[in-house]
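In what follows, a structure is listed as structure tokens, so that the remarks can point back to it.
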Amino acid sequence: MKINWIRLKRAIRSNRHIRKIADFIYIVFTGQYIEKKHIISKNGETCYIIRPPYSPNGLGGLYLYVLGHIQYARSKGYIPAVDFEHYKTVYSGEAVSGNRNIWEWYFKQPGGIPLKKALAGNYILARTAPRSRESVMVEFAKGNTDLLKQYCEVGGGICLNENMNCYIRQAEENLKLKKEKALGVFCRGSDYVQLKPCGHPVQPELNDLMDQAEECLTKWNCEKIFLLTEEKEALQRFNRRFPGKVISSHQNLVDNYTVDSGLLIEDFKTKQFGSRYISGMEYLAGIVLLASCDSFLGAMAGGSAAALVWNGGKYTHCKIINLGVY
């Protein structure tokens with residue numbers, strides 16, 4: 001019998017106490033429990049090398065994870081540098097223009113120093129994140145405006161690279177999003193909803209989300225809905241409910257996904273569409289476009305929390321659906 005490792009891992013991690021023990025064992029054996037220092041000179045600046053988290057994350061979760069590390073690095077006077085090249089993420093496995101650092105596929109280095117140069121001088125190899133991404137999402141869902149403000153301040157210093165900026169500008173022009181008063185709706189499904197990760201915010205049922213979207217459209221006088229989702233069925237049902245009003249930036253939406261495939265959503269999309277780089281670019285563009293909408297509706301997950309930070313508190317109206325945690 002073939003073992004579905006995703007469901008097995010989910011079963012192990014469904015108990016909070018077992019999950020904490022398993023995480024502790026993992027970070028100890030992978031060397032992420034303590035900071036590792038590489039000091040070659042007592043003079044000069046020290047870089048803080050940010051490794052990816054030990055659990056699978058999409059770009060929204062990775063973005064939140066990096067922000068937490070940047071905040072810590074700056075409080076210590078270190079220069080942050082992101083290394084998603086020598087450590088695995090869900091996007092690892094290909095090179096873009098010869099570059100295997102997934103962070104640099106989409107973003108500029110937050111400290112302005114190339115990774116190669118950072119690794120050649122004084123540096124500290126970061127331990128696990130000062131604050132887990134799920135705790136950040138839960139606090140955002142509870143309305144912790146102080147924490148959101150802190151993340152917005154750090155996020156304001158994160159810059160997209162030129163290729164990513166060009167891609168987003170083209171998407172904005174094609175969708176004419178800036179010319180419409182749009183309600184941004186976040187709809188997370190697929191592996192997240194099927195696996196119900198322990199400690200993460202609960203996502204609403206699709207019918208309930210559409211009901212709330214209809215209410216917000218009328219109440220906030222929005223003309224269009226910008227829907228950020230990875231599922232084709234969700235887009236189709238929104239289109240049937242709101243004909244002519246739904247905008248989506250995604251070209252590659254998954255259909256008939258199930259965790260019984262033994263694949264997480266990014267692996268499934270790569271198998272179906274072929275490129276992790278393009279998948280990540282589409283998703284990140286969706287997050288940025290969601291952040292540019294007039295108003296927001298949705299529960300917290302990596303992508304929606306990243307959009308809140310990227311928006312910087314500028315939404316005219318913002319309704320976060322808080323249904324507790326799995």
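Following the order of the structure tokens, chains are lettered A, B, ..., residues in each are numbered from 1, and ligands are numbered from 1.
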Mind checking which residues fall within 10 Å of A:Ser135, counting only C-alpha atoms, ignoring those fewer than 3 positions away in the same chain, and posting them as a PyMOL selection string?
chain A and resi 131-132+138-141+199-201
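All residues of protein, DNA or RNA that reach within 10 Å of A:Ala182, judged by only C-alpha atoms and not counting those fewer than 5 positions away in the chain, are A:Leu177, A:Leu217, A:Trp220, A:Asn221, A:Cys222, A:Glu223, A:Lys224, A:Ile225, A:Phe226, A:Leu227, A:Lys245, A:Val246, A:Ile247, A:Leu290, A:Ser292, A:Cys293, A:Asp294, A:Ser295, A:Phe296.
Remark: for A:Leu67, the closest of the candidate residues A:Cys187, A:Leu297, A:Ala285, A:Ile158 is A:Ile158 (distances computed over only C-alpha atoms).
Of the listed residues A:Cys198, A:Ile287, A:Ala81, A:Leu64, the one whose atoms come nearest to A:Thr46 is A:Ala81, with distances taken using only C-alpha atoms.
Closest to A:Leu59 among A:Val325, A:Ala95, A:Ala306, A:Met300 is A:Ala306, based on only C-alpha atoms.
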Those of stretch 134-222 of chain A in DSSP helix (DSSP H, G or I), formatted as number ranges by chain:
A: 134-141, 145-155, 162-175, 177-179, 190-195, 206-219
Give me the residues near A:Ile278 as a PyMOL selection string, where near means some atom within 12 Å (using only C-alpha atoms) and where sequence neighbours in that chain fewer than 5 positions away do not count.
chain A and resi 91+94-96+102+105-106+163-164+167+250-252+266+269-270+273+283-285
So how many Å separate atom CA of A:Thr258 and atom CA of A:Arg188, to one decimal?
14.0 Å
Identify, with DSSP run on backbone atoms, the residues in stretch 60-208 of chain A assigned to strand (DSSP E), and express the list as a PDB file with N, CA and C atoms, in the first residue's frame.
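File written: result-v3.pdb
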ATOM      1  N   ILE A  79      22.495  43.415   9.142  1.00  0.00           N
ATOM      2  CA  ILE A  79      21.980  43.655   7.791  1.00  0.00           C
ATOM      3  C   ILE A  79      21.330  42.365   7.288  1.00  0.00           C
ATOM      4  N   PRO A  80      20.025  42.373   7.037  1.00  0.00           N
ATOM      5  CA  PRO A  80      19.357  41.134   6.613  1.00  0.00           C
ATOM      6  C   PRO A  80      19.685  40.758   5.169  1.00  0.00           C
ATOM      7  N   ALA A  81      19.878  39.476   4.947  1.00  0.00           N
ATOM      8  CA  ALA A  81      20.067  38.931   3.596  1.00  0.00           C
ATOM      9  C   ALA A  81      19.335  37.593   3.542  1.00  0.00           C
ATOM     10  N   VAL A  82      18.577  37.366   2.489  1.00  0.00           N
ATOM     11  CA  VAL A  82      17.729  36.174   2.402  1.00  0.00           C
ATOM     12  C   VAL A  82      18.411  35.106   1.546  1.00  0.00           C
ATOM     13  N   TYR A 123      28.818  37.120   9.218  1.00  0.00           N
ATOM     14  CA  TYR A 123      27.379  36.867   9.156  1.00  0.00           C
ATOM     15  C   TYR A 123      26.938  35.959  10.292  1.00  0.00           C
ATOM     16  N   ILE A 124      25.661  36.053  10.581  1.00  0.00           N
ATOM     17  CA  ILE A 124      25.010  35.171  11.541  1.00  0.00           C
ATOM     18  C   ILE A 124      23.938  34.398  10.786  1.00  0.00           C
ATOM     19  N   LEU A 125      23.993  33.073  10.900  1.00  0.00           N
ATOM     20  CA  LEU A 125      22.990  32.229  10.254  1.00  0.00           C
ATOM     21  C   LEU A 125      21.787  32.124  11.188  1.00  0.00           C
ATOM     22  N   ALA A 182     -12.864  48.279  -6.501  1.00  0.00           N
ATOM     23  CA  ALA A 182     -12.941  46.828  -6.374  1.00  0.00           C
ATOM     24  C   ALA A 182     -12.929  46.358  -4.927  1.00  0.00           C
ATOM     25  N   LEU A 183     -13.727  45.331  -4.671  1.00  0.00           N
ATOM     26  CA  LEU A 183     -13.693  44.603  -3.410  1.00  0.00           C
ATOM     27  C   LEU A 183     -12.743  43.428  -3.600  1.00  0.00           C
ATOM     28  N   GLY A 184     -11.651  43.416  -2.861  1.00  0.00           N
ATOM     29  CA  GLY A 184     -10.714  42.301  -2.929  1.00  0.00           C
ATOM     30  C   GLY A 184     -11.191  41.176  -2.030  1.00  0.00           C
ATOM     31  N   VAL A 185     -11.373  39.996  -2.619  1.00  0.00           N
ATOM     32  CA  VAL A 185     -11.852  38.832  -1.868  1.00  0.00           C
ATOM     33  C   VAL A 185     -10.796  37.739  -1.907  1.00  0.00           C
ATOM     34  N   PHE A 186     -10.435  37.234  -0.737  1.00  0.00           N
ATOM     35  CA  PHE A 186      -9.449  36.168  -0.640  1.00  0.00           C
ATOM     36  C   PHE A 186     -10.162  34.860  -0.374  1.00  0.00           C
ATOM     37  N   CYS A 187      -9.893  33.852  -1.218  1.00  0.00           N
ATOM     38  CA  CYS A 187     -10.550  32.556  -1.096  1.00  0.00           C
ATOM     39  C   CYS A 187      -9.504  31.454  -1.156  1.00  0.00           C
TER      40      CYS A 187
END
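Closest approach to A:Arg127 among A:Ala291, A:Leu147, A:Ile50, A:Val90: A:Ile50, based on only C-alpha atoms.
Checking A:Phe107, A:Ser97, A:Met210, A:Tyr54 one by one against A:Asn239, counting only C-alpha atoms, you find the shortest gap at A:Met210.
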